[in-house]
Each structure stands twice: as structure tokens, then as C-alpha cells.
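Trainee: Sharing upload10.cif, mmCIF, C-alpha atoms and all ligand atoms:
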data_protein
loop_
_atom_site.label_atom_id
_atom_site.label_comp_id
_atom_site.auth_asym_id
_atom_site.auth_seq_id
_atom_site.Cartn_x
_atom_site.Cartn_y
_atom_site.Cartn_z
CA MET N 1 -6.28 13.54 55.13
CA THR N 2 -9.83 12.52 54.28
CA ALA N 3 -10.22 8.96 53.01
CA VAL N 4 -12.06 9.02 49.66
CA ASP N 5 -14.72 6.71 51.09
CA ASP N 6 -15.55 9.19 53.86
CA VAL N 7 -16.81 11.65 51.29
CA ILE N 8 -20.37 11.07 50.10
CA LEU N 9 -20.75 14.24 48.03
CA ARG N 10 -18.02 16.21 46.34
CA VAL N 11 -18.48 19.55 44.59
CA GLU N 12 -15.53 20.67 42.47
CA ASP N 13 -14.98 24.03 40.82
CA LEU N 14 -18.75 24.49 40.42
CA ARG N 15 -19.81 27.35 38.18
CA ILE N 16 -23.41 28.37 37.61
CA ARG N 17 -25.03 31.21 35.71
CA TYR N 18 -28.58 32.37 35.14
CA GLU N 19 -29.98 33.85 31.98
CA LYS N 20 -30.64 37.54 32.49
CA GLY N 21 -32.77 38.49 29.51
CA ARG N 22 -31.70 38.85 25.88
CA SER N 23 -29.97 41.46 23.81
CA ILE N 24 -31.90 43.23 21.03
CA TRP N 25 -30.42 40.61 18.65
CA GLY N 26 -31.93 37.83 20.76
CA THR N 27 -28.62 36.64 22.17
CA PRO N 28 -29.04 35.46 25.78
CA ARG N 29 -27.27 37.47 28.46
CA TYR N 30 -25.97 35.66 31.52
CA SER N 31 -25.06 36.54 35.03
CA GLN N 32 -22.67 34.14 36.76
CA VAL N 33 -23.68 33.59 40.39
CA VAL N 34 -21.41 30.71 41.47
CA HIS N 35 -17.70 31.06 40.69
CA GLY N 36 -15.65 27.88 41.12
CA VAL N 37 -16.94 26.54 44.44
CA SER N 38 -15.42 23.30 45.83
CA PHE N 39 -16.29 21.36 48.97
CA ALA N 40 -16.76 17.83 50.27
CA VAL N 41 -19.54 16.45 52.46
CA LYS N 42 -18.50 13.54 54.62
CA ARG N 43 -20.74 10.60 55.48
CA GLY N 44 -22.74 11.24 58.64
CA GLU N 45 -21.61 14.85 58.83
CA THR N 46 -23.02 18.28 58.12
CA PHE N 47 -21.53 20.81 55.75
CA GLY N 48 -22.84 24.33 56.28
CA LEU N 49 -23.22 26.85 53.48
CA VAL N 50 -23.49 30.32 54.99
CA GLY N 51 -23.51 33.79 53.56
CA GLU N 52 -25.70 36.80 53.06
CA SER N 53 -28.85 36.81 50.94
CA GLY N 54 -28.08 36.38 47.25
CA SER N 55 -24.62 34.86 47.81
CA GLY N 56 -25.59 31.68 45.93
CA LYS N 57 -26.39 29.19 48.72
CA SER N 58 -29.73 27.93 47.37
CA THR N 59 -28.34 27.88 43.83
CA ILE N 60 -25.67 25.38 44.93
CA GLY N 61 -28.38 23.31 46.67
CA LYS N 62 -30.45 23.30 43.47
CA ALA N 63 -27.44 22.16 41.44
CA ILE N 64 -26.91 19.23 43.83
CA LEU N 65 -30.61 18.38 43.43
CA ARG N 66 -30.14 18.67 39.64
CA GLN N 67 -32.87 21.29 39.37
CA ILE N 68 -30.69 23.72 37.39
CA PRO N 69 -27.93 23.26 34.80
CA ILE N 70 -24.32 24.07 35.60
CA VAL N 71 -21.77 25.81 33.40
CA GLY N 72 -18.67 24.08 34.65
CA GLY N 73 -17.11 21.93 37.34
CA SER N 74 -18.57 18.71 38.68
CA ILE N 75 -20.63 17.13 41.43
CA THR N 76 -19.84 13.56 42.48
CA PHE N 77 -22.15 11.46 44.65
CA GLU N 78 -20.84 8.18 46.06
CA GLY N 79 -18.19 8.16 43.37
CA GLN N 80 -20.62 8.81 40.49
CA ARG N 81 -20.26 12.02 38.56
CA ILE N 82 -23.89 13.17 38.55
CA THR N 83 -23.13 16.22 36.43
CA GLU N 84 -22.45 13.88 33.50
CA TRP N 85 -26.08 12.73 33.46
CA LYS N 86 -28.21 14.42 30.79
CA GLU N 87 -30.55 17.18 31.84
CA GLY N 88 -33.96 15.75 32.74
CA HIS N 89 -32.49 12.25 33.20
CA THR N 90 -31.97 12.04 36.93
CA PRO N 91 -32.23 8.41 38.08
CA LEU N 92 -34.94 7.72 40.67
CA SER N 93 -32.24 6.15 42.87
CA TYR N 94 -30.52 9.55 43.09
CA ARG N 95 -33.78 11.39 43.75
CA ARG N 96 -34.35 8.98 46.62
CA ALA N 97 -30.83 9.27 47.96
CA VAL N 98 -30.77 13.07 48.06
CA GLN N 99 -33.77 14.81 49.59
CA VAL N 100 -34.52 18.41 50.52
CA ILE N 101 -36.24 20.28 53.34
CA PHE N 102 -37.22 23.89 52.73
CA GLN N 103 -37.63 26.93 54.92
CA SER N 104 -41.39 27.06 54.69
CA PRO N 105 -43.08 23.70 55.27
CA ARG N 106 -46.39 25.50 54.75
CA LEU N 107 -45.43 26.11 51.14
CA SER N 108 -43.79 22.73 50.57
CA LEU N 109 -46.72 20.73 52.03
CA ASN N 110 -49.98 20.27 50.17
CA ALA N 111 -52.53 22.38 52.11
CA ARG N 112 -55.35 20.02 51.13
CA MET N 113 -53.65 16.82 52.21
CA LEU N 114 -53.76 15.41 55.75
CA ALA N 115 -50.35 15.13 57.44
CA ARG N 116 -50.59 11.35 57.50
CA ASP N 117 -51.45 11.14 53.80
CA THR N 118 -48.54 13.46 52.97
CA VAL N 119 -46.10 11.01 54.53
CA ALA N 120 -47.99 7.91 53.31
CA GLU N 121 -47.94 9.15 49.72
CA ALA N 122 -44.13 9.36 49.77
CA VAL N 123 -43.78 5.94 51.42
CA ALA N 124 -46.18 4.34 48.91
CA PHE N 125 -44.39 5.94 45.96
CA HIS N 126 -40.83 5.18 47.00
CA LEU N 127 -41.21 1.86 48.79
CA GLY N 128 -44.36 0.52 47.12
CA LEU N 129 -45.90 -0.40 50.48
CA LYS N 130 -49.66 -0.84 50.99
CA GLY N 131 -52.16 -1.64 53.74
CA SER N 132 -50.86 -2.43 57.20
CA GLU N 133 -47.20 -2.37 56.11
CA LEU N 134 -47.70 1.18 54.86
CA ASP N 135 -49.52 2.18 58.07
CA GLN N 136 -46.74 0.76 60.25
CA ARG N 137 -44.05 2.52 58.26
CA VAL N 138 -45.89 5.85 58.50
CA ASP N 139 -46.41 5.38 62.26
CA ARG N 140 -42.67 4.74 62.64
CA LEU N 141 -41.78 7.87 60.70
CA PHE N 142 -44.12 9.93 62.90
CA ASP N 143 -42.40 8.43 65.96
CA ASP N 144 -38.93 9.04 64.48
CA VAL N 145 -39.59 12.76 64.03
CA GLY N 146 -41.36 13.12 67.40
CA LEU N 147 -44.79 13.83 65.95
CA PRO N 148 -47.75 12.45 67.95
CA ARG N 149 -49.60 10.04 65.65
CA HIS N 150 -53.02 11.67 66.20
CA LEU N 151 -51.71 14.82 64.46
CA GLY N 152 -51.76 12.80 61.24
CA ASP N 153 -55.47 13.65 60.96
CA ARG N 154 -54.76 17.36 60.59
CA TYR N 155 -54.13 19.57 57.60
CA PRO N 156 -50.92 21.66 57.50
CA ASP N 157 -52.79 24.81 58.55
CA GLU N 158 -53.95 23.03 61.71
CA LEU N 159 -50.35 22.34 62.79
CA SER N 160 -47.72 24.61 64.35
CA GLY N 161 -44.66 25.64 62.31
CA GLY N 162 -42.49 23.10 64.16
CA GLN N 163 -45.05 20.32 63.62
CA GLN N 164 -45.31 21.20 59.92
CA GLN N 165 -41.53 21.00 59.61
CA ARG N 166 -41.58 17.57 61.30
CA VAL N 167 -44.12 16.39 58.70
CA ALA N 168 -41.81 17.69 55.95
CA ILE N 169 -38.86 15.87 57.56
CA ALA N 170 -40.87 12.63 57.88
CA ARG N 171 -41.81 12.92 54.21
CA ALA N 172 -38.19 13.50 53.22
CA LEU N 173 -37.11 10.45 55.26
CA ALA N 174 -39.74 8.19 53.67
CA CYS N 175 -37.30 6.95 51.03
CA ASP N 176 -34.32 6.50 53.37
CA PRO N 177 -32.13 9.23 51.87
CA ARG N 178 -28.39 9.40 52.52
CA VAL N 179 -28.09 13.16 52.02
CA VAL N 180 -30.59 15.85 52.99
CA ILE N 181 -30.27 19.41 51.74
CA CYS N 182 -31.68 21.64 54.49
CA ASP N 183 -32.37 24.97 52.80
CA GLU N 184 -32.94 27.46 55.64
CA ALA N 185 -34.88 24.59 57.22
CA VAL N 186 -35.12 26.19 60.67
CA SER N 187 -35.03 29.88 59.72
CA ALA N 188 -38.79 30.44 59.85
CA LEU N 189 -39.18 28.90 63.31
CA ASP N 190 -39.14 30.72 66.65
CA VAL N 191 -36.02 30.23 68.75
CA SER N 192 -37.24 27.43 71.02
CA THR N 193 -38.86 25.46 68.16
CA GLN N 194 -35.68 26.02 66.16
CA ALA N 195 -33.63 24.43 68.95
CA GLN N 196 -35.97 21.42 69.02
CA VAL N 197 -35.79 20.89 65.25
CA ILE N 198 -31.98 21.24 65.31
CA ALA N 199 -31.83 18.63 68.09
CA LEU N 200 -34.10 16.40 65.97
CA LEU N 201 -31.88 16.79 62.88
CA HIS N 202 -28.86 15.99 65.03
CA ARG N 203 -30.50 12.86 66.49
CA LEU N 204 -31.64 11.65 63.03
CA GLN N 205 -28.08 12.09 61.81
CA GLN N 206 -26.74 9.97 64.66
CA GLU N 207 -29.38 7.26 64.18
CA ARG N 208 -29.35 7.09 60.39
CA GLY N 209 -25.85 8.24 59.49
CA LEU N 210 -27.36 11.04 57.39
CA SER N 211 -25.26 13.70 55.74
CA TYR N 212 -26.63 17.23 55.57
CA VAL N 213 -25.89 20.22 53.41
CA PHE N 214 -27.15 22.89 55.77
CA ILE N 215 -27.92 26.18 54.06
CA SER N 216 -28.33 29.08 56.46
CA HIS N 217 -27.64 32.74 56.98
CA ASP N 218 -27.50 32.15 60.74
CA LEU N 219 -23.95 31.50 61.94
CA GLY N 220 -25.06 30.61 65.46
CA VAL N 221 -27.19 27.74 64.13
CA VAL N 222 -24.41 26.63 61.79
CA ARG N 223 -21.93 26.50 64.64
CA ASN N 224 -24.35 24.28 66.58
CA LEU N 225 -25.06 21.73 63.89
CA CYS N 226 -22.25 21.71 61.33
CA HIS N 227 -18.91 19.91 61.22
CA ALA N 228 -17.50 21.91 58.31
CA VAL N 229 -18.55 25.17 56.78
CA GLY N 230 -18.04 27.32 53.71
CA VAL N 231 -18.67 31.06 53.88
CA LEU N 232 -20.01 32.36 50.59
CA LYS N 233 -19.78 35.88 49.28
CA HIS N 234 -20.93 36.70 45.74
CA GLY N 235 -20.77 33.02 44.77
CA ALA N 236 -17.24 32.22 46.04
CA PHE N 237 -15.92 31.00 49.38
CA THR N 238 -14.17 33.54 51.56
CA ASP N 239 -13.43 30.83 54.13
CA ILE N 240 -13.86 27.06 54.17
CA GLY N 241 -12.84 24.45 56.72
CA SER N 242 -13.87 22.79 59.94
CA VAL N 243 -16.33 24.77 62.05
CA GLU N 244 -13.60 25.24 64.65
CA ASP N 245 -11.12 26.62 62.10
CA VAL N 246 -13.55 28.98 60.40
CA PHE N 247 -15.11 30.26 63.63
CA GLU N 248 -11.89 30.50 65.65
CA ARG N 249 -9.41 31.44 62.92
CA PRO N 250 -11.25 33.10 60.03
CA THR N 251 -8.89 34.14 57.27
CA SER N 252 -11.01 36.76 55.50
CA GLN N 253 -12.20 40.14 56.62
CA TYR N 254 -15.72 39.26 55.40
CA THR N 255 -15.99 36.18 57.66
CA ARG N 256 -14.60 38.16 60.61
CA GLU N 257 -17.30 40.80 60.07
CA LEU N 258 -20.04 38.15 59.92
CA LEU N 259 -18.72 36.58 63.13
CA ASP N 260 -18.46 39.94 64.86
CA ALA N 261 -22.14 40.51 64.11
CA ILE N 262 -23.11 37.72 66.54
CA PRO N 263 -22.11 38.37 70.15
CA ARG N 264 -21.42 34.80 71.36
CA PHE N 265 -22.26 31.22 70.50
CA PRO N 266 -23.89 28.46 72.49
CA GLY N 267 -22.22 25.03 72.52
CA ARG N 268 -22.98 22.29 70.01
CA ALA N 269 -26.47 20.76 70.33
CA ALA N 270 -26.47 17.48 72.25
N1 LIG N 301 -34.00 31.61 38.65
C1 LIG N 301 -33.16 32.64 38.71
N2 LIG N 301 -32.96 33.42 37.62
C2 LIG N 301 -32.08 34.46 37.66
N3 LIG N 301 -31.34 34.78 38.75
C3 LIG N 301 -31.52 34.04 39.86
C4 LIG N 301 -32.43 32.94 39.91
N4 LIG N 301 -32.38 32.39 41.15
C5 LIG N 301 -31.49 33.12 41.85
N5 LIG N 301 -30.96 34.11 41.10
C6 LIG N 301 -29.93 35.08 41.50
O1 LIG N 301 -28.77 34.33 41.83
C7 LIG N 301 -28.11 34.89 42.96
C8 LIG N 301 -27.98 33.82 44.05
O2 LIG N 301 -29.30 33.47 44.50
P1 LIG N 301 -29.53 32.36 45.63
O3 LIG N 301 -31.01 32.18 45.79
O4 LIG N 301 -28.73 31.17 45.32
O5 LIG N 301 -28.92 33.09 46.91
P2 LIG N 301 -29.04 32.70 48.45
O6 LIG N 301 -27.67 32.90 49.03
O7 LIG N 301 -29.65 31.36 48.61
O8 LIG N 301 -30.01 33.84 48.97
P3 LIG N 301 -31.17 33.78 50.10
O9 LIG N 301 -30.47 33.55 51.40
O10 LIG N 301 -31.82 35.11 50.01
O11 LIG N 301 -32.09 32.64 49.72
C9 LIG N 301 -28.95 36.09 43.39
O12 LIG N 301 -28.36 37.24 42.85
C10 LIG N 301 -30.31 35.82 42.77
O13 LIG N 301 -30.96 37.03 42.47
#
Before we go any further, please render this structure as C-alpha cells.
Mentor:
Amino acid sequence: MTAVDDVILRVEDLRIRYEKGRSIWGTPRYSQVVHGVSFAVKRGETFGLVGESGSGKSTIGKAILRQIPIVGGSITFEGQRITEWKEGHTPLSYRRAVQVIFQSPRLSLNARMLARDTVAEAVAFHLGLKGSELDQRVDRLFDDVGLPRHLGDRYPDELSGGQQQRVAIARALACDPRVVICDEAVSALDVSTQAQVIALLHRLQQERGLSYVFISHDLGVVRNLCHAVGVLKHGAFTDIGSVEDVFERPTSQYTRELLDAIPRFPGRAA
């Protein structure tokens, strides 16, 4: 059994709907996209959310980030029920503790800001550092994500996709988060760059004790990086459990079909 303290983030019976237009009387119409999803993310581990496009993966990520309202259920972070906070009143401490990395760093980075300034801005905002202290912290973050320091003088468009994603990771790490939501964070990268970024995420997890919610449609990648996984279909889990259980002993036909679609899996990233 999981000790309560092992769990950093708990999602219980989460239900989310989006407004889908209005009736001729002006009454809002809703479409429910997440139907009672529950899972726990352990400290220093990775929980994978997999499923086909439109199954509700990013919606769950957005709810954890408090970017969208929920209809029912709860989300608890380090014992605090964050879904009880009023909309628009997310404490800065939570926004620091839970960061996100998106699929396209090109879209998430400011095209007119140098890589170094992108990271420095986050460090200055969250940690209030200036001058040489700020410079040293930014240098360390570049080193931590394996980005040569001289690349700090480039704009996003002058960097490769993998380098851009490293800048986005360095920026996300600037405030020492405990949880990082990785929303298709490696999906846009070519296979060899993808492997390098996965190895980087794995190393950062070991070094910093980070927990990840890893959103992906790629089961091979999930098998490599995740400890536990939930397979989503139309906003509900068809399977949930340890990676070994779900991949070796899937209980639903849907998960079996997804697994059959990939021929074989490499071992876990070192
Ligand atoms: N802002 C929105 N307003 C209305 N419906 C939305 C909104 N965002 C997402 N949806 C719908 O909610 C459902 C779940 O979308 P979501 O983006 O969470 O899926 P996903 O599994 O992350 O898909 P993908 O892998 O393509 O990103 C989809 O049917 C989508 O069309």
C-alpha cells in the first residue's frame, strides 16, 4: 500500500466539461470530457497519461494547473485540496511548485527574447535574484539541462528543436518546482533528440526528486519514462496501474489494441 506521504498529487473522481454553445434561449450547453478520473502521482515518480487525440489528457493537465474549472471531484497537492481555492486565486507558491512544459517550445518561448533572457526573467521573477547571483543561477540552469552557455545569446529560431526544449525546461526549473506537467513534451522532436530529452528528464528527476505528469500518445515513450500509467479513452481510464501491470497485463480490449499497434518496446531509459 502507498504511504500517504509518498503521494504528492492526488486526483479523485475528476469531472470536467466544456461549454459547447448556447440554446436559442441562451442556456449554456455542455459537453463532459472527463468522467470521474482518479490517480495518484508519487514523489520522484512519473505518472503517464496516454490515449488517443481528444481523450482528455491535456484537459486533465490544465485542471491540475488550475487553468480551467472543474465540475466535480478534487485535486490534492501535498495534502492541500487545491480545487477548494477560488477561481483566479491560485497562490504563487502553487504556481511555482507545479510547472509545465509543452509540445512546441517554439510557441511557448518568446521569439523576440534571447534564450538567456528567457531563463533569467523566470529566475528574477521567482527568486528575486539580480546581478552576478542571477547570472550564476542562469549559468547553472543551462549546465543542468545540458545547454552550452554560449547558446544563451541566440533567439529561439536560431536554436534546434531539442535546444529550444532545453531552454523551456531550464525556464520551468527556474523556480524549483516539485511537479512538472510534460504535455507531449517530446512529441515534436525527432527520434534521437527525443531520446536525449527523455534521458535529460530522467536525470533531472533523479537529481531533483521531481514528479512528472507525462502526457503522451506514444506508448513506447511512456514505457521508457513512466512508473505508473493511466490509459484514457473518451475521458475515462480503461486501464490504470504500474507500467509493468498495464503493459504486461492490460485488462481492457482498448489498451490491448493500443499496445498491439506498437511492435516492441525498448528498455527503460538509463
Ligand atoms: N477549450 C475547449 N472548449 C471546448 N472543448 C474543448 C476545449 N478544449 C478541448 N476540448 C475538447 O475536449 C476533448 C478533450 O480534449 P483534450 O485536448 O484534453 O484531449 P487530448 O487527449 O489532450 O488530445 P490531443 O492529444 O489531441 O492533445 C476534445 O473533444 C476536445 O475537442
Trainee: Which protein, DNA or RNA residues have an atom within 6 Å of ligand LIG 301 (chain N), counting all atoms listed in the file, as an NGL selection string?
Mentor: :N and (18 or 33 or 52-59)
Trainee: Go ahead and save the residues from that selection, with C-alpha atoms, as a tab-separated table (two decimals), in the frame of the given file.
Mentor:
chain	number	residue	atom	x	y	z
N	18	TYR	CA	-28.58	32.37	35.14
N	33	VAL	CA	-23.68	33.59	40.39
N	52	GLU	CA	-25.70	36.80	53.06
N	53	SER	CA	-28.85	36.81	50.94
N	54	GLY	CA	-28.08	36.38	47.25
N	55	SER	CA	-24.62	34.86	47.81
N	56	GLY	CA	-25.59	31.68	45.93
N	57	LYS	CA	-26.39	29.19	48.72
N	58	SER	CA	-29.73	27.93	47.37
N	59	THR	CA	-28.34	27.88	43.83
Trainee: Using all atoms listed in the file, which of the listed residues (N:Arg178, N:Arg166, N:Arg203, N:Arg96) sits closest to His126 (chain N)?
Mentor: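 Checking each of N:Arg178, N:Arg166, N:Arg203, N:Arg96 against His126 (chain N), counting all atoms listed in the file, the winner is N:Arg96.
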Trainee: Which residues are close to Val34 (chain N), i.e. within 8 Å by all atoms listed in the file, leaving aside same-chain residues fewer than 5 positions away? Reply as a VMD selection string.
Mentor: chain N and resid 14 to 17 56 59 to 60 234 to 236
Trainee: List as number ranges by chain the protein and nucleic acid residues near His217 (chain N), meaning an atom at most 12 Å away when all atoms listed in the file are counted, but skip any in the same chain fewer than 3 places from it.
Mentor: N: 48-58, 103, 183-188, 214, 220-223, 229-233, 258-259, 261-262
Trainee: Please indicate the distance in Å from CA of Glu257 (chain N) to CA of Ser242 (chain N), rounded to one decimal place.
Mentor: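 Atom-to-atom, CA of Glu257 (chain N) to CA of Ser242 (chain N), that is 18.3 Å.
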Trainee: Could you check how far CA of Val179 (chain N) sits from CA of Pro156 (chain N), in Å to one decimal?
Mentor: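 That distance, rounded to one decimal, is 25.0 Å.
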Trainee: From the options N:Ile198, N:Ala124, N:Ile8, N:Ile70, which residue's atoms come nearest to Gln165 (chain N), counting only C-alpha atoms?
Mentor: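 Ranking N:Ile198, N:Ala124, N:Ile8, N:Ile70 by distance to Gln165 (chain N), first place goes to N:Ile198.
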Trainee: Measure the distance from CA of Thr251 (chain N) to CA of Val213 (chain N) in Å and round it to one decimal.
Mentor: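 Separating CA of Thr251 (chain N) from CA of Val213 (chain N) is a distance of 22.3 Å.
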